[in-house]
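Down below is the structure, laid out as C-alpha coordinates.
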Amino acid sequence: MKTKGKLNNPGVSDREFKIIEEISRDRNLTQRKISHKLGLSLGMTNIILKRLASKGYIKVKGLTRRKVQYILTPKGFAEKTKRSYRYFLKTIHSFQEMKKKIQHLILMEYKKGETHFVILGDNELADIIELSLKGLNKSELEYGRISRLEDINGNKAVILLAQSKPQIKVDLRRRANRYIDVLAALSGEAKGEVKEKDKIN
(Lines give C-alpha, C1' and ligand atoms only; values in the text may rest on other atoms or scores of the structure.)
Protein backbone atom coordinates (compact mmCIF):
# COMPACT_ATOMS: atom_id res chain seq x y z
CA MET A 1 0.00 0.00 0.00
CA LYS A 2 1.42 3.36 -1.02
CA THR A 3 1.60 6.21 1.47
CA LYS A 4 1.01 9.72 0.16
CA GLY A 5 3.86 12.16 0.51
CA LYS A 6 6.53 9.47 0.85
CA LEU A 7 8.98 8.34 -1.79
CA ASN A 8 8.93 4.63 -2.59
CA ASN A 9 12.62 4.79 -3.51
CA PRO A 10 14.52 7.40 -1.50
CA GLY A 11 17.87 6.44 -3.05
CA VAL A 12 19.56 8.14 -5.99
CA SER A 13 18.84 7.60 -9.66
CA ASP A 14 21.55 6.96 -12.25
CA ARG A 15 21.47 10.60 -13.39
CA GLU A 16 21.68 11.83 -9.82
CA PHE A 17 24.63 9.55 -9.17
CA LYS A 18 26.45 10.81 -12.26
CA ILE A 19 26.15 14.34 -10.93
CA ILE A 20 27.43 13.17 -7.53
CA GLU A 21 30.45 11.69 -9.31
CA GLU A 22 31.13 14.92 -11.22
CA ILE A 23 30.93 17.01 -8.06
CA SER A 24 33.27 14.62 -6.24
CA ARG A 25 35.85 15.18 -8.98
CA ASP A 26 35.49 18.96 -9.14
CA ARG A 27 33.52 21.02 -6.61
CA ASN A 28 33.97 24.13 -8.74
CA LEU A 29 31.76 22.86 -11.55
CA THR A 30 28.96 25.15 -12.64
CA GLN A 31 25.48 23.97 -13.59
CA ARG A 32 26.31 24.70 -17.22
CA LYS A 33 29.48 22.57 -17.12
CA ILE A 34 27.65 19.70 -15.43
CA SER A 35 24.85 19.80 -18.01
CA HIS A 36 27.41 19.84 -20.84
CA LYS A 37 29.42 16.94 -19.40
CA LEU A 38 26.37 14.73 -18.87
CA GLY A 39 24.37 15.79 -21.91
CA LEU A 40 21.47 17.14 -19.84
CA SER A 41 19.50 20.33 -20.33
CA LEU A 42 20.32 23.20 -18.00
CA GLY A 43 16.82 23.07 -16.56
CA MET A 44 17.03 19.33 -15.81
CA THR A 45 20.47 19.79 -14.23
CA ASN A 46 19.06 22.49 -11.97
CA ILE A 47 16.17 20.22 -10.89
CA ILE A 48 18.50 17.30 -10.10
CA LEU A 49 20.91 19.49 -8.14
CA LYS A 50 18.04 20.86 -6.03
CA ARG A 51 16.77 17.32 -5.47
CA LEU A 52 20.22 16.12 -4.35
CA ALA A 53 20.49 19.06 -1.98
CA SER A 54 17.05 18.35 -0.50
CA LYS A 55 18.01 14.70 0.03
CA GLY A 56 21.19 15.75 1.80
CA TYR A 57 23.69 14.36 -0.75
CA ILE A 58 25.18 17.75 -1.65
CA LYS A 59 25.45 21.15 -0.02
CA VAL A 60 25.21 24.38 -1.97
CA LYS A 61 27.60 27.08 -0.79
CA GLY A 62 27.20 30.63 -2.05
CA LEU A 63 30.55 32.16 -2.99
CA THR A 64 29.21 35.36 -4.52
CA ARG A 65 25.79 36.63 -5.50
CA ARG A 66 26.04 34.78 -8.82
CA LYS A 67 28.50 31.98 -8.09
CA VAL A 68 27.82 28.89 -5.98
CA GLN A 69 29.85 25.83 -5.07
CA TYR A 70 28.50 22.29 -4.85
CA ILE A 71 30.01 20.23 -2.05
CA LEU A 72 29.54 16.52 -1.45
CA THR A 73 28.19 15.83 2.02
CA PRO A 74 29.20 12.77 4.11
CA LYS A 75 25.93 11.17 2.98
CA GLY A 76 26.80 11.87 -0.66
CA PHE A 77 30.30 10.53 -0.23
CA ALA A 78 28.91 7.36 1.40
CA GLU A 79 26.55 6.86 -1.56
CA LYS A 80 29.42 7.27 -4.02
CA THR A 81 31.57 4.77 -2.08
CA LYS A 82 28.72 2.25 -1.90
CA ARG A 83 27.98 2.48 -5.61
CA SER A 84 31.67 2.27 -6.52
CA TYR A 85 32.10 -0.83 -4.35
CA ARG A 86 29.11 -2.52 -6.00
CA TYR A 87 30.52 -1.72 -9.42
CA PHE A 88 33.89 -3.14 -8.39
CA LEU A 89 32.29 -6.40 -7.20
CA LYS A 90 30.25 -6.62 -10.40
CA THR A 91 33.38 -6.11 -12.51
CA ILE A 92 35.28 -8.80 -10.59
CA HIS A 93 32.37 -11.22 -10.99
CA SER A 94 32.15 -10.51 -14.74
CA PHE A 95 35.89 -11.09 -15.11
CA GLN A 96 35.72 -14.42 -13.26
CA GLU A 97 32.77 -15.56 -15.37
CA MET A 98 34.56 -14.60 -18.59
CA LYS A 99 37.69 -16.42 -17.44
CA LYS A 100 35.70 -19.59 -16.70
CA LYS A 101 34.07 -19.55 -20.14
CA ILE A 102 37.42 -19.11 -21.89
CA GLN A 103 38.96 -21.92 -19.85
CA HIS A 104 36.01 -24.15 -20.78
CA LEU A 105 36.64 -23.46 -24.49
CA ILE A 106 40.33 -24.30 -24.10
CA LEU A 107 39.67 -27.47 -22.07
CA MET A 108 37.29 -28.75 -24.75
CA GLU A 109 40.13 -28.51 -27.26
CA TYR A 110 42.57 -29.99 -24.74
CA LYS A 111 40.34 -33.07 -24.36
CA LYS A 112 40.58 -33.51 -28.13
CA GLY A 113 44.36 -33.67 -27.81
CA GLU A 114 45.16 -30.04 -28.57
CA THR A 115 48.05 -28.69 -26.48
CA HIS A 116 49.34 -25.84 -28.65
CA PHE A 117 47.55 -22.49 -28.68
CA VAL A 118 48.32 -19.06 -30.05
CA ILE A 119 46.57 -15.90 -28.85
CA LEU A 120 46.03 -13.48 -31.73
CA GLY A 121 45.46 -9.91 -30.52
CA ASP A 122 46.91 -7.14 -28.40
CA ASN A 123 43.81 -5.92 -26.57
CA GLU A 124 42.30 -6.49 -23.11
CA LEU A 125 40.52 -9.66 -24.25
CA ALA A 126 43.91 -11.10 -25.27
CA ASP A 127 45.18 -10.33 -21.75
CA ILE A 128 42.23 -12.19 -20.21
CA ILE A 129 42.78 -15.18 -22.54
CA GLU A 130 46.42 -15.33 -21.44
CA LEU A 131 45.42 -15.22 -17.76
CA SER A 132 42.86 -17.96 -18.43
CA LEU A 133 45.54 -20.20 -19.95
CA LYS A 134 47.90 -19.58 -17.04
CA GLY A 135 45.14 -20.39 -14.57
CA LEU A 136 44.63 -23.88 -15.99
CA ASN A 137 47.98 -25.02 -14.51
CA LYS A 138 48.54 -27.72 -17.12
CA SER A 139 52.25 -28.16 -17.80
CA GLU A 140 51.69 -29.79 -21.19
CA LEU A 141 49.83 -26.77 -22.53
CA GLU A 142 51.97 -24.52 -24.70
CA TYR A 143 50.89 -21.12 -25.87
CA GLY A 144 52.25 -17.97 -27.41
CA ARG A 145 50.91 -14.55 -28.18
CA ILE A 146 51.12 -12.54 -31.37
CA SER A 147 49.59 -9.31 -32.58
CA ARG A 148 49.81 -9.91 -36.33
CA LEU A 149 48.48 -12.73 -38.49
CA GLU A 150 51.80 -12.80 -40.35
CA ASP A 151 53.56 -13.98 -37.19
CA ILE A 152 51.73 -17.32 -37.12
CA ASN A 153 54.22 -20.12 -37.67
CA GLY A 154 52.56 -23.14 -39.26
CA ASN A 155 49.02 -24.38 -38.79
CA LYS A 156 49.28 -26.90 -35.95
CA ALA A 157 48.30 -24.58 -33.09
CA VAL A 158 44.71 -23.58 -32.36
CA ILE A 159 44.37 -19.82 -32.76
CA LEU A 160 42.52 -18.05 -29.95
CA LEU A 161 41.16 -15.05 -31.79
CA ALA A 162 40.84 -11.96 -29.59
CA GLN A 163 39.62 -9.65 -32.36
CA SER A 164 36.60 -10.16 -34.56
CA LYS A 165 37.68 -8.84 -37.93
CA PRO A 166 36.05 -10.70 -40.85
CA GLN A 167 39.20 -10.50 -43.00
CA ILE A 168 41.31 -12.20 -40.32
CA LYS A 169 38.89 -15.16 -40.31
CA VAL A 170 39.09 -15.43 -44.08
CA ASP A 171 42.90 -15.37 -43.95
CA LEU A 172 42.95 -18.01 -41.21
CA ARG A 173 40.82 -20.32 -43.34
CA ARG A 174 43.13 -19.81 -46.29
CA ARG A 175 46.08 -20.77 -44.10
CA ALA A 176 44.15 -23.84 -42.88
CA ASN A 177 44.45 -22.68 -39.29
CA ARG A 178 41.89 -23.90 -36.78
CA TYR A 179 40.67 -21.09 -34.59
CA ILE A 180 38.23 -20.10 -31.88
CA ASP A 181 36.55 -16.73 -32.16
CA VAL A 182 36.61 -16.07 -28.41
CA LEU A 183 34.49 -12.92 -28.55
CA ALA A 184 31.77 -14.71 -30.53
CA ALA A 185 31.88 -17.63 -28.09
CA LEU A 186 31.55 -15.34 -25.07
CA SER A 187 28.56 -13.60 -26.63
CA GLY A 188 26.82 -16.92 -27.23
CA GLU A 189 27.44 -17.13 -30.97
CA ALA A 190 28.99 -20.07 -32.79
CA LYS A 191 32.44 -20.96 -31.54
CA GLY A 192 34.05 -20.29 -34.91
CA GLU A 193 36.26 -23.36 -35.04
CA VAL A 194 37.45 -24.26 -38.53
CA LYS A 195 36.62 -27.86 -39.43
CA GLU A 196 38.42 -29.88 -42.06
CA LYS A 197 35.59 -29.37 -44.55
CA ASP A 198 35.61 -25.56 -44.04
CA LYS A 199 39.20 -25.08 -45.13
CA ILE A 200 39.68 -22.99 -48.24
CA ASN A 201 42.16 -24.39 -50.75
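Residue numbers start at 1 in each chain; chains themselves are named A, B, ... in the order of the C-alpha coordinates; ligands are numbered from 1 in the order shown.
The protein and nucleic acid residues lying at most 9 Å from segment 94-102 of chain A are Leu89, Leu107, Ile128, Ile129, Leu131, Ser132, Leu133, Gly135, Val182, Ala185 and Leu186 of chain A, with only C-alpha atoms considered and sequence neighbours fewer than 5 positions away removed.
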key: Sel. of helix (DSSP H, G or I) residues, segment 45-197 of chain A, as a PyMOL selection string   = chain A and resi 45-55+74-111+124-135+149-151+166-174+182-186+196-197
inquiry  = To test your reading of the structure, identify every residue in segment 19-155 of chain A that backbone DSSP assigns to strand (DSSP E), and report it as a PyMOL selection string.
reply    = chain A and resi 58-62+68-72+116-120+142-146
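Relative to atom CA of Ala162 of chain A, atom CA of Lys111 of chain A is found at 21.8 Å.
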message = Quick one: residues within 10 Å of Glu140 of chain A, only C-alpha atoms, excluding same-chain residues fewer than 6 positions away - as a ChimeraX atom specification?
response = /A:110,114-116
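Using only C-alpha atoms, the contacts of Leu160 of chain A at a cut-off of 10 Å, with sequence neighbours closer than 6 positions omitted, comprise Ile102, Leu105, Ile106, Phe117, Val118, Ile119, Leu120, Gly121, Ala126, Ile129, Glu130, Tyr143, Arg145, Arg178, Tyr179, Ile180, Asp181, Val182, Leu183 and Glu193 of chain A.
The space between atom CA of Ser24 of chain A and atom CA of Leu72 of chain A spans 6.4 Å.
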request  = Figure out the distance between atom CA of Asp14 of chain A and atom CA of Asn46 of chain A, please, to one decimal in Å.
outcome  = 15.7 Å
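For the choices A:Gly154, A:Gly144, A:Gly62, A:Gly113, the atom-to-atom distance to Asn177 of chain A is smallest for A:Gly154 when using only C-alpha atoms.
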inquiry  = Neighbouring residues of Ile23 of chain A were defined as those with any atom within 9 Å, considering only C-alpha atoms; residues of the same chain fewer than 6 positions away were excluded. Please report them as number ranges by chain.
reply    = A: 29, 34, 58, 70-72
